[in-house]
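Q: Hey, dropping work21.tsv in here, TSV, C-alpha atoms:
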```tsv
chain	number	residue	atom	x	y	z
A	1	GLU	CA	43.87	46.92	257.77
A	2	THR	CA	41.04	47.80	260.10
A	3	SER	CA	38.62	47.97	257.16
A	4	SER	CA	39.35	44.41	256.03
A	5	ILE	CA	37.03	41.58	257.03
A	6	ASN	CA	38.28	38.24	258.22
A	7	MET	CA	36.14	35.84	256.22
A	8	ALA	CA	36.55	33.18	258.93
A	9	GLU	CA	34.78	35.60	261.27
A	10	ASN	CA	32.47	37.53	258.96
A	11	ILE	CA	30.27	39.65	261.22
A	12	PHE	CA	27.79	40.23	258.40
A	13	LEU	CA	27.08	36.50	258.18
A	14	PHE	CA	26.50	35.88	261.87
A	15	VAL	CA	23.23	34.04	262.53
A	16	PRO	CA	21.44	36.92	264.35
A	17	ASN	CA	22.37	39.29	261.52
A	18	ILE	CA	21.05	36.88	258.89
A	19	ILE	CA	17.79	36.85	260.85
A	20	GLY	CA	17.85	40.64	260.57
A	21	TYR	CA	18.21	40.46	256.79
A	22	ILE	CA	15.22	38.11	256.66
A	23	ARG	CA	13.23	40.69	258.61
A	24	VAL	CA	14.15	43.35	256.03
A	25	GLY	CA	12.88	41.09	253.27
A	26	LEU	CA	9.64	40.47	255.18
A	27	ALA	CA	9.15	44.23	255.55
A	28	PHE	CA	9.34	44.70	251.76
A	29	LEU	CA	6.94	41.80	251.26
A	30	ALA	CA	4.46	43.34	253.71
A	31	CYS	CA	4.62	46.65	251.82
A	32	TYR	CA	3.83	44.85	248.56
A	33	LEU	CA	0.85	43.02	250.08
A	34	TRP	CA	-0.43	45.93	252.21
A	35	LEU	CA	-3.74	46.61	250.44
A	36	THR	CA	-4.53	43.10	249.22
A	37	HIS	CA	-3.61	40.55	251.91
A	38	PRO	CA	-4.26	42.04	255.38
A	39	LEU	CA	-4.04	38.79	257.37
A	40	THR	CA	-0.74	37.90	255.70
A	41	VAL	CA	0.67	41.36	256.37
A	42	ALA	CA	-0.44	41.24	260.00
A	43	LEU	CA	1.17	37.82	260.43
A	44	ILE	CA	4.39	39.01	258.78
A	45	PHE	CA	4.57	42.03	261.10
A	46	VAL	CA	3.94	39.94	264.21
A	47	ILE	CA	6.51	37.31	263.21
A	48	SER	CA	9.14	39.93	262.36
A	49	GLN	CA	8.64	42.27	265.31
A	50	MET	CA	7.99	39.69	267.99
A	51	VAL	CA	9.17	36.21	267.05
A	52	LEU	CA	12.27	36.97	264.95
A	53	ASP	CA	13.18	40.00	267.08
A	54	ASP	CA	13.45	37.70	270.09
A	55	LEU	CA	15.05	34.91	268.08
A	56	ASP	CA	18.00	37.02	266.94
A	57	GLY	CA	18.83	37.82	270.57
A	58	ILE	CA	18.62	34.13	271.50
A	59	ALA	CA	20.86	33.25	268.55
A	60	ALA	CA	23.38	35.94	269.53
A	61	ARG	CA	23.70	34.45	273.02
A	62	ARG	CA	23.57	30.82	271.88
A	63	PHE	CA	26.34	31.19	269.28
A	64	ASP	CA	28.28	33.90	271.12
A	65	GLN	CA	27.62	36.29	268.23
A	66	ALA	CA	26.51	39.44	270.04
A	67	THR	CA	28.05	42.37	268.15
A	68	ILE	CA	27.74	46.14	267.99
A	69	PHE	CA	26.72	45.83	264.33
A	70	GLY	CA	24.06	43.26	265.18
A	71	GLY	CA	22.62	45.33	268.00
A	72	THR	CA	22.51	48.43	265.81
A	73	LEU	CA	20.97	46.50	262.93
A	74	ASP	CA	18.30	45.08	265.22
A	75	ILE	CA	17.28	48.50	266.52
A	76	LEU	CA	17.30	49.98	263.02
A	77	ILE	CA	15.05	47.23	261.67
A	78	ASP	CA	12.69	47.60	264.64
A	79	ARG	CA	12.29	51.32	264.05
A	80	CYS	CA	12.10	51.14	260.25
A	81	SER	CA	9.52	48.34	260.35
A	82	LEU	CA	7.39	50.34	262.75
A	83	MET	CA	7.72	53.48	260.60
A	84	ILE	CA	6.66	51.52	257.51
A	85	PHE	CA	3.60	50.26	259.37
A	86	LEU	CA	2.71	53.73	260.64
A	87	MET	CA	3.07	55.17	257.13
A	88	GLY	CA	0.73	52.45	255.93
A	89	LEU	CA	-1.80	53.39	258.60
A	90	CYS	CA	-1.53	57.01	257.45
A	91	SER	CA	-2.55	55.88	253.97
A	92	ILE	CA	-5.70	54.06	255.10
A	93	TYR	CA	-6.63	56.40	257.96
A	94	PRO	CA	-5.74	59.84	256.55
A	95	GLU	CA	-7.94	61.54	259.14
A	96	TYR	CA	-5.54	60.28	261.85
A	97	MET	CA	-2.37	60.93	259.88
A	98	LEU	CA	-1.07	63.54	262.34
A	99	VAL	CA	-1.47	61.12	265.25
A	100	PHE	CA	0.52	58.37	263.50
A	101	GLN	CA	3.17	60.85	262.35
A	102	LEU	CA	3.64	62.16	265.89
A	103	ALA	CA	3.82	58.62	267.27
A	104	GLY	CA	6.56	57.79	264.76
A	105	TYR	CA	8.42	61.04	265.39
A	106	LEU	CA	8.36	60.45	269.14
A	107	ASP	CA	9.46	56.83	268.85
A	108	VAL	CA	12.47	57.60	266.64
A	109	SER	CA	13.47	60.64	268.73
A	110	ARG	CA	13.34	58.65	271.95
A	111	MET	CA	15.41	55.81	270.53
A	112	TRP	CA	17.99	58.08	268.90
A	113	MET	CA	18.54	60.12	272.05
A	114	ARG	CA	18.67	57.00	274.22
A	115	MET	CA	21.26	55.35	271.98
A	116	HIS	CA	23.37	58.49	271.81
A	117	SER	CA	23.15	58.98	275.57
A	118	CYS	CA	24.24	55.39	276.24
A	119	THR	CA	27.13	55.67	273.78
A	120	LEU	CA	28.42	58.88	275.37
A	121	GLN	CA	28.19	57.34	278.83
A	122	GLY	CA	30.03	54.22	277.73
A	123	GLN	CA	27.09	51.93	278.43
A	124	LYS	CA	26.71	48.60	276.66
A	125	GLY	CA	23.47	49.07	274.78
A	126	ILE	CA	20.19	50.79	275.52
A	127	LYS	CA	19.20	48.12	278.04
A	128	ALA	CA	22.16	48.88	280.29
A	129	SER	CA	21.40	49.45	283.97
A	130	SER	CA	20.34	52.95	284.89
A	131	SER	CA	19.85	54.98	288.05
A	132	SER	CA	16.38	55.90	286.75
A	133	PRO	CA	13.68	53.42	287.88
A	134	ILE	CA	11.63	54.42	284.82
A	135	LEU	CA	14.40	53.39	282.43
A	136	THR	CA	15.13	50.25	284.46
A	137	PHE	CA	11.51	49.09	284.26
A	138	TYR	CA	10.89	50.04	280.64
A	139	TYR	CA	14.03	48.30	279.38
A	140	SER	CA	13.47	45.18	281.48
A	141	GLU	CA	12.28	42.08	279.61
A	142	LEU	CA	8.81	42.52	281.11
A	143	GLY	CA	8.56	46.21	280.27
A	144	LEU	CA	9.77	45.79	276.70
A	145	HIS	CA	7.40	42.91	276.04
A	146	ILE	CA	4.38	44.70	277.48
A	147	PHE	CA	4.85	48.10	275.86
A	148	SER	CA	6.60	47.22	272.60
A	149	TYR	CA	4.46	44.20	271.78
A	150	GLY	CA	1.29	45.77	273.17
A	151	SER	CA	1.63	48.93	271.07
A	152	GLU	CA	2.51	46.96	267.96
A	153	LEU	CA	-0.53	44.72	268.43
A	154	PHE	CA	-2.66	47.86	268.67
A	155	TYR	CA	-1.38	49.06	265.31
A	156	VAL	CA	-1.98	45.60	263.82
A	157	ALA	CA	-5.55	45.62	265.16
A	158	LEU	CA	-6.17	49.05	263.60
A	159	TYR	CA	-4.84	47.82	260.29
A	160	LEU	CA	-7.06	44.73	260.30
A	161	LEU	CA	-10.09	46.80	261.33
A	162	TYR	CA	-9.82	48.73	258.08
A	163	PHE	CA	-10.79	45.53	256.25
A	164	SER	CA	-13.16	43.88	258.76
A	165	ILE	CA	-13.95	43.56	262.45
A	166	GLY	CA	-12.65	40.00	262.39
A	167	PRO	CA	-14.27	36.87	263.83
A	168	THR	CA	-17.13	37.86	266.12
A	169	VAL	CA	-17.46	37.05	269.79
A	170	THR	CA	-20.84	37.19	271.51
A	171	PHE	CA	-21.27	38.91	274.88
A	172	GLY	CA	-24.93	38.52	275.81
A	173	SER	CA	-26.83	40.35	273.10
A	174	TYR	CA	-23.70	42.05	271.74
A	175	GLU	CA	-21.43	40.83	268.99
A	176	VAL	CA	-17.91	42.21	269.00
A	177	GLY	CA	-15.19	41.63	266.44
A	178	LEU	CA	-11.91	40.07	267.56
A	179	TRP	CA	-9.88	42.93	266.05
A	180	GLN	CA	-12.06	45.40	268.00
A	181	ILE	CA	-11.27	43.53	271.22
A	182	PHE	CA	-7.53	43.56	270.44
A	183	ALA	CA	-7.66	47.30	269.73
A	184	ALA	CA	-9.59	48.05	272.94
A	185	VAL	CA	-7.28	45.94	275.13
A	186	THR	CA	-4.05	47.34	273.70
A	187	PHE	CA	-5.13	50.98	273.38
A	188	PRO	CA	-4.18	51.86	277.01
A	189	ILE	CA	-0.80	50.18	276.46
A	190	VAL	CA	0.05	52.27	273.40
A	191	CYS	CA	-0.98	55.44	275.27
A	192	ILE	CA	1.22	54.59	278.26
A	193	LYS	CA	4.09	53.80	275.88
A	194	GLN	CA	3.91	57.33	274.47
A	195	LEU	CA	4.27	58.68	278.00
A	196	PHE	CA	7.31	56.46	278.53
A	197	ASN	CA	8.72	57.73	275.23
A	198	ILE	CA	8.38	61.33	276.41
A	199	VAL	CA	9.93	60.64	279.82
A	200	ILE	CA	12.82	58.58	278.36
A	201	LEU	CA	13.44	61.27	275.74
A	202	LYS	CA	13.62	63.89	278.49
A	203	ILE	CA	15.97	61.79	280.66
A	204	SER	CA	18.26	61.06	277.70
A	205	CYS	CA	18.40	64.74	276.73
A	206	GLN	CA	19.27	65.64	280.32
A	207	ASP	CA	22.03	63.01	280.39
A	208	ILE	CA	23.56	64.39	277.19
A	209	ALA	CA	23.27	67.97	278.48
A	210	ALA	CA	25.02	66.91	281.71
A	211	ILE	CA	27.93	65.54	279.66
A	212	ASP	CA	28.09	68.84	277.76
A	213	LEU	CA	28.18	70.81	281.02
A	214	ALA	CA	30.93	68.59	282.43
A	215	LYS	CA	33.03	69.15	279.30
A	216	ARG	CA	32.47	72.91	279.43
A	217	GLU	CA	33.50	73.07	283.08
A	218	LYS	CA	36.62	71.08	282.27
A	219	HIS	CA	37.65	73.54	279.55
A	220	HIS	CA	36.95	76.58	281.68
```
Could you rewrite the structure in this file as structure tokens?

A:
Amino acid sequence: ETSSINMAENIFLFVPNIIGYIRVGLAFLACYLWLTHPLTVALIFVISQMVLDDLDGIAARRFDQATIFGGTLDILIDRCSLMIFLMGLCSIYPEYMLVFQLAGYLDVSRMWMRMHSCTLQGQKGIKASSSSPILTFYYSELGLHIFSYGSELFYVALYLLYFSIGPTVTFGSYEVGLWQIFAAVTFPIVCIKQLFNIVILKISCQDIAAIDLAKREKHH
């Protein structure tokens, strides 16, 4: 039966997927520690979203365990972890709640439309080659590392700033906190990422609409 699982080849127990389950557990741990252990939570988020997120891809290639389930799980964990973090920021910065909500809404919308567009076009994953230079750059290793990691570090810096400015660095007669520096450096990155989200969302919607038009022309 197609629903049965060959235990000798259990997709759910592939190494990259096990890494994904660990990331889920870390997300719950971060939620539990949110208001009491900021440095631990920040470290958990960085390890999950940057270190383990890269590690599962390396494991998939190393052990020849790249699967549709694994790719979907990875994207789902990425988005859910980010949403959890944004919800947490809403709780400690209620005056900026709308901003964080819109950022989350835009991020999920962009990813959903991109995934659906790629599926309908028969592409292998969201990083598949595209005729759009914007998509090609954003989904390159360099683009993903700059904008995904940069925006996530901005959110981490905001979170840590709620508790303290961090270790201070002296510039002449000025003392600046390390978390303030992180926030200032990564702020332009998170802003540019939102622009990419809007553009990619638009391109993906246009691709899906083009498929709809082609189907309608075929039936008429």

Q: Within 7 Å of range 100-113 of chain A, counting only C-alpha atoms, which residues qualify if same-chain residues fewer than 6 places away don't, as an NGL selection string?

A: :A and (79 or 83 or 86 or 90 or 197 or 200-201 or 204-205)

Q: Looking at A:Lys193, A:Arg61, A:Lys202, A:Lys218, which one is nearest to Ser151 in chain A, with distances taken over only C-alpha atoms?

A: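 Closest residue, counting only C-alpha atoms: A:Lys193.
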
Q: Could you tell me which of A:Asp53, A:Glu9, A:Asp207, A:Glu141 comes closest to Ser81 in chain A if we count all atoms listed in the file?

A: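 So, comparing all the options, the nearest one is A:Asp53.
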
Q: Would you please work out which residue, of A:Thr36, A:Leu26, A:Ser91, A:Val15, is nearest to Asp64 in chain A when using only C-alpha atoms?

A: A:Val15

Q: Please compute the CA of Phe182 in chain A-CA of Ile47 in chain A distance, one decimal, in Å.

A: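 We find that CA of Phe182 in chain A and CA of Ile47 in chain A lie 17.0 Å from each other.
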
Q: Nearest residue to Ile44 in chain A out of A:Phe14, A:Phe154, A:Phe85, A:Tyr96, using only C-alpha atoms?

A: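 Of the candidates, the smallest distance to Ile44 in chain A is held by A:Phe85.
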
Q: With only C-alpha atoms as the counted atoms, please give the residues lying no more than 8 Å from Leu73 in chain A, apart from itself and same-chain residues fewer than 4 positions off, as a compact mmCIF listing (two decimals) with C-alpha atoms, keeping the file's coordinate frame.

A:
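The resulting result_32.txt:
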```
# COMPACT_ATOMS: atom_id res chain seq x y z
CA ASN A 17 22.37 39.29 261.52
CA GLY A 20 17.85 40.64 260.57
CA PHE A 69 26.72 45.83 264.33
CA ILE A 77 15.05 47.23 261.67
```

Q: Which residues are near Gln206 in chain A? Cut-off 12 Å, only C-alpha atoms, ignore same chain within fewer than 5 positions. Put them as a PyMOL selection string.

A: chain A and resi 113-114+116-117+199-201+211-213

Q: Just to confirm, what's the straight-line distance from CA of Arg23 in chain A to CA of Ile165 in chain A in Å (one decimal)?

A: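 Going from CA of Arg23 in chain A over to CA of Ile165 in chain A, I get 27.6 Å.
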
Q: Return the single residue from A:Ala66, A:Ala60, A:Leu144, A:Ala27 that is closest to Ile189 in chain A, with distances computed using only C-alpha atoms.

A: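 That would be A:Leu144, the residue with the smallest distance to Ile189 in chain A.
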
Q: What's the separation between CA of Cys191 in chain A and CA of Phe147 in chain A, in Å to one decimal place?

A: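 According to the coordinates, CA of Cys191 in chain A and CA of Phe147 in chain A are separated by 9.4 Å.
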
Q: For Ile92 in chain A, which residue among A:Phe63, A:Leu52, A:Leu29, A:Phe163 is the nearest when counting all atoms listed in the file?

A: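 Nearest to Ile92 in chain A: A:Phe163.
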
Q: Assuming 8 Å of padding per side, give the centre and edge lengths of the axis-aligned box around every listed atom of range 57-61 of chain A, in Å to one decimal and as JSON.

A:
```
{"center_x": 21.2, "center_y": 35.5, "center_z": 270.8, "size_x": 21.1, "size_y": 20.6, "size_z": 20.5}
```
